[in-house]
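See below for the structure under consideration.
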Amino acid sequence: GESVGLHLPTLSVQEGDNSIINCAYSNSASDYFIWYKQESGKGPQFIIDIRSNMDKRQGQRVTVLLNKTVKHLSLQIAATQPGDSAVYFCAEKAMSNYQLIWGAGTKLIIKP
Amino acid sequence: KAGVTQTPRYLIKTRGQQVTLSCSPISGHRSVSWYQQTPGQGLQFLFEYFSETQRNKGNFPGRFSGRQFSNSRSEMNVSTLELGDSALYLCASSLNRASGKLFFGSGTQLSVL
């Protein structure tokens, strides 16, 4: 299940199940959204992005969904593997000023 | 193509000292951003540089400063170090300001004693 810890929300998922990580964005002017994955001891790594003129985009085992009406973004990971264990960050960008705003992050834990 | 290189990887300083961290972006990338990250915390934006000019700045005190050189390499400086400055400092580069695809270095782990 999903819980909020002292610092980072945590999501525990059984290996092989699908994971859904959610993100509420703040700026109505944001028109570009990105997901990053940060493994322990490394810098964040780009996963997938989506423009505001789309509501869904698929990559390899990942899908990003965008709901502009409620300012909500989600990252779906299919058939979660141990290597998916990481902290996932969403980020929003308004192309008017290029400012990138980062979400708080969600820690994904894979249960064997 | 080499990734983003940050030096040094680890640094130990004492309160009151100053420190300079270095970042070499991916070749051809002109935008460099700096972030501070503490354990279990998210990414706190410090500043963004493009064409040797600071374009955006986060909510950090003036003790934190940076610069970018003509070859896009960047440095950040923290003066009068405080214990709370202990953190992982991450540098990221991108082709330009419009790109949301940032490439991060492995960071500099700063410990202030």
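Residues in the structure tokens are named by chain (A, B, ... in the order shown) and by number from 1 within that chain; ligands are numbered from 1 in the order shown.
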Exercise. Hey, what's within 7 Å of B:Arg67 if we count only C-alpha atoms and toss same-chain stuff fewer than 4 positions away? As a VMD selection string, please?
Worked result: chain B and resid 52 74 to 76
At most 12 Å is the cut-off: for each residue in stretch 30-72 of chain B with any atom that close to an atom of stretch 92-99 of chain A, write down the nearest atom pair and the distance in Å rounded to one decimal, counting only C-alpha atoms, chain first then increasing number, as JSON lines.
```
{"residue": "B:Ser31", "atom": "CA", "partner": "A:Tyr98", "partner_atom": "CA", "distance": 11.2}
{"residue": "B:Ser33", "atom": "CA", "partner": "A:Gln99", "partner_atom": "CA", "distance": 10.9}
{"residue": "B:Phe45", "atom": "CA", "partner": "A:Gln99", "partner_atom": "CA", "distance": 10.1}
{"residue": "B:Leu46", "atom": "CA", "partner": "A:Gln99", "partner_atom": "CA", "distance": 11.9}
{"residue": "B:Phe47", "atom": "CA", "partner": "A:Gln99", "partner_atom": "CA", "distance": 10.4}
{"residue": "B:Glu48", "atom": "CA", "partner": "A:Gln99", "partner_atom": "CA", "distance": 9.2}
{"residue": "B:Tyr49", "atom": "CA", "partner": "A:Tyr98", "partner_atom": "CA", "distance": 11.8}
{"residue": "B:Phe50", "atom": "CA", "partner": "A:Tyr98", "partner_atom": "CA", "distance": 11.4}
{"residue": "B:Arg55", "atom": "CA", "partner": "A:Tyr98", "partner_atom": "CA", "distance": 9.2}
{"residue": "B:Asn56", "atom": "CA", "partner": "A:Gln99", "partner_atom": "CA", "distance": 7.3}
{"residue": "B:Lys57", "atom": "CA", "partner": "A:Gln99", "partner_atom": "CA", "distance": 9.6}
{"residue": "B:Gly58", "atom": "CA", "partner": "A:Gln99", "partner_atom": "CA", "distance": 10.3}
```
Restricting the output to N, CA and C atoms, write the selected residues as a CSV table (one decimal), in the first residue's frame.
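selection_8.csv, written as the output of this step:
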```
chain,number,residue,atom,x,y,z
B,31,SER,N,23.1,24.2,-20.8
B,31,SER,CA,22.4,24.6,-19.6
B,31,SER,C,22.9,23.7,-18.4
B,33,SER,N,22.3,23.1,-14.2
B,33,SER,CA,21.5,23.4,-13.0
B,33,SER,C,22.2,22.7,-11.8
B,45,PHE,N,16.2,23.1,-5.6
B,45,PHE,CA,16.8,23.8,-6.7
B,45,PHE,C,17.7,25.0,-6.1
B,46,LEU,N,18.9,25.0,-6.6
B,46,LEU,CA,19.9,26.1,-6.2
B,46,LEU,C,19.9,27.2,-7.3
B,47,PHE,N,20.4,26.8,-8.5
B,47,PHE,CA,20.4,27.8,-9.6
B,47,PHE,C,20.6,27.1,-10.9
B,48,GLU,N,20.3,27.9,-12.0
B,48,GLU,CA,20.4,27.4,-13.3
B,48,GLU,C,21.3,28.4,-14.1
B,49,TYR,N,22.2,27.9,-14.9
B,49,TYR,CA,23.0,28.7,-15.7
B,49,TYR,C,22.9,28.4,-17.2
B,50,PHE,N,22.9,29.4,-18.0
B,50,PHE,CA,22.9,29.2,-19.5
B,50,PHE,C,23.6,30.3,-20.1
B,55,ARG,N,20.1,32.1,-14.8
B,55,ARG,CA,18.8,32.4,-15.3
B,55,ARG,C,17.7,32.2,-14.3
B,56,ASN,N,17.9,31.3,-13.4
B,56,ASN,CA,16.9,31.1,-12.3
B,56,ASN,C,17.7,30.8,-11.0
B,57,LYS,N,17.1,31.2,-9.9
B,57,LYS,CA,17.7,31.0,-8.6
B,57,LYS,C,16.7,30.5,-7.6
B,58,GLY,N,17.1,29.5,-6.8
B,58,GLY,CA,16.2,29.0,-5.8
B,58,GLY,C,16.3,29.8,-4.5
```
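Among the candidate residues A:Ala78, A:Gln58, A:Cys90, A:Glu39, the one lying nearest to A:Ile20 is A:Ala78, with distances computed using only C-alpha atoms.
Atom CA of B:Thr38 is positioned 29.1 Å from atom CA of A:Leu65.
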Exercise. What are the DSSP strand (DSSP E or B) residues of chain B, as an MDAnalysis selection string?
Worked result: chainID B and resid 5:7 10:13 19:24 31:37 44:50 53:57 64:68 74:78 87:94 103:104 108:112
Problem set entry | 6 Å contact set for stretch 9-22 of chain B, only C-alpha atoms, chain neighbours under 2 positions out, as a list in words | Gln6, Thr7, Glu75, Met76, Asn77, Val78, Ser79, Thr80, Leu81, Glu82, Thr108, Gln109, Leu110, Ser111, Val112 and Leu113 of chain B
Output C-alpha atoms for every residue in that selection, as a short mmCIF file (atom, residue, chain, number, x, y, z; two decimals), in the first residue's frame.
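This is the output file out_22.cif:
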```cif
data_model
loop_
_atom_site.label_atom_id
_atom_site.label_comp_id
_atom_site.auth_asym_id
_atom_site.auth_seq_id
_atom_site.Cartn_x
_atom_site.Cartn_y
_atom_site.Cartn_z
CA GLN B 6 31.26 16.27 -10.76
CA THR B 7 34.34 16.75 -8.63
CA GLU B 75 31.20 25.80 -10.35
CA MET B 76 29.25 26.46 -7.20
CA ASN B 77 30.64 27.98 -4.06
CA VAL B 78 29.39 27.87 -0.51
CA SER B 79 30.98 30.30 1.92
CA THR B 80 30.89 30.26 5.73
CA LEU B 81 29.76 26.66 5.86
CA GLU B 82 27.14 25.61 8.39
CA THR B 108 29.40 15.71 -4.50
CA GLN B 109 28.73 14.51 -0.96
CA LEU B 110 29.61 17.38 1.37
CA SER B 111 29.97 16.81 5.08
CA VAL B 112 30.37 19.80 7.36
CA LEU B 113 31.77 19.02 10.81
#
```
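Residue nearest A:Tyr32, chosen from A:Leu11, A:Met54, A:Val87, A:Leu108 and counting only C-alpha atoms: A:Met54.
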Report the closest atom pair, with its distance in Å rounded to one decimal, for each residue of chain A that has an atom no farther than 6 Å from chain B; count only C-alpha atoms, sort by chain and then rising residue number, and write it as CSV.
```
residue,atom,partner,partner_atom,distance
A:His7,CA,B:Gly40,CA,5.7
A:Lys42,CA,B:Ser106,CA,5.1
A:Gly43,CA,B:Ser106,CA,4.9
A:Tyr98,CA,B:Ala98,CA,6.0
A:Ala104,CA,B:Gly42,CA,5.1
```
Serialized selection, C-alpha atoms, as a PDB file, in the first residue's frame:
```
ATOM      1  CA  HIS A   7       9.999  12.506   4.525  1.00  0.00           C
ATOM      2  CA  LYS A  42      23.175   7.933  -8.074  1.00  0.00           C
ATOM      3  CA  GLY A  43      21.774  11.077  -9.588  1.00  0.00           C
ATOM      4  CA  TYR A  98      11.638  27.329 -18.297  1.00  0.00           C
ATOM      5  CA  ALA A 104       8.658  15.500  -3.375  1.00  0.00           C
TER       6      ALA A 104
END
```
For this session: For stretch 61-63 of chain A, list every protein, DNA or RNA residue within 6 Å, evaluated using only C-alpha atoms, and leave out those in the same chain fewer than 5 positions away; present the list as an MDAnalysis selection string.
Result: chainID A and resid 75:78
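For the set A:Lys56, A:Asp17, A:Lys37, A:Arg51, the residue with the smallest atom-to-atom gap to A:Thr106 is A:Lys37, counting only C-alpha atoms.
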Exercise. Using only C-alpha atoms, which residues sit within 12 Å of A:Lys111 once same-chain residues fewer than 4 positions away are excluded, as a PyMOL selection string?
Worked result: chain A and resi 1+11-17+19+80-85
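Between atom CA of A:Tyr36 and atom CA of B:Thr5 the separation is 18.9 Å.
Using only C-alpha atoms, the residues found no farther than 7 Å from B:Pro25, other than those of its own chain fewer than 6 positions away, are Val4, Thr5, Ser72, Arg73 and Ser93 of chain B.
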Using N, CA, C and O atoms, can you write the selected residues to a file as a PDB file, in the first residue's frame?
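selection09.pdb was written with the following content:
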```pdb
ATOM      1  N   VAL B   4      27.873  13.598 -17.233  1.00  0.00           N
ATOM      2  CA  VAL B   4      28.154  14.762 -16.413  1.00  0.00           C
ATOM      3  C   VAL B   4      29.155  14.364 -15.327  1.00  0.00           C
ATOM      4  O   VAL B   4      28.948  13.365 -14.633  1.00  0.00           O
ATOM      5  N   THR B   5      30.208  15.139 -15.213  1.00  0.00           N
ATOM      6  CA  THR B   5      31.256  14.827 -14.244  1.00  0.00           C
ATOM      7  C   THR B   5      31.278  15.863 -13.138  1.00  0.00           C
ATOM      8  O   THR B   5      31.374  17.062 -13.403  1.00  0.00           O
ATOM      9  N   SER B  72      30.874  26.056 -20.827  1.00  0.00           N
ATOM     10  CA  SER B  72      29.686  25.520 -20.147  1.00  0.00           C
ATOM     11  C   SER B  72      29.987  24.835 -18.822  1.00  0.00           C
ATOM     12  O   SER B  72      29.046  24.504 -18.097  1.00  0.00           O
ATOM     13  N   ARG B  73      31.229  24.628 -18.517  1.00  0.00           N
ATOM     14  CA  ARG B  73      31.558  24.076 -17.198  1.00  0.00           C
ATOM     15  C   ARG B  73      31.075  25.039 -16.113  1.00  0.00           C
ATOM     16  O   ARG B  73      31.015  26.255 -16.331  1.00  0.00           O
ATOM     17  N   SER B  93      22.951  18.715 -16.509  1.00  0.00           N
ATOM     18  CA  SER B  93      23.087  19.492 -17.744  1.00  0.00           C
ATOM     19  C   SER B  93      22.001  19.098 -18.736  1.00  0.00           C
ATOM     20  O   SER B  93      21.433  17.995 -18.673  1.00  0.00           O
TER      21      SER B  93
END
```
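Compared by their closest atoms to A:Tyr88, and using only C-alpha atoms, the residues A:Ile109, A:Ile50, A:Val70, A:Ala29 rank with A:Ile109 nearest.
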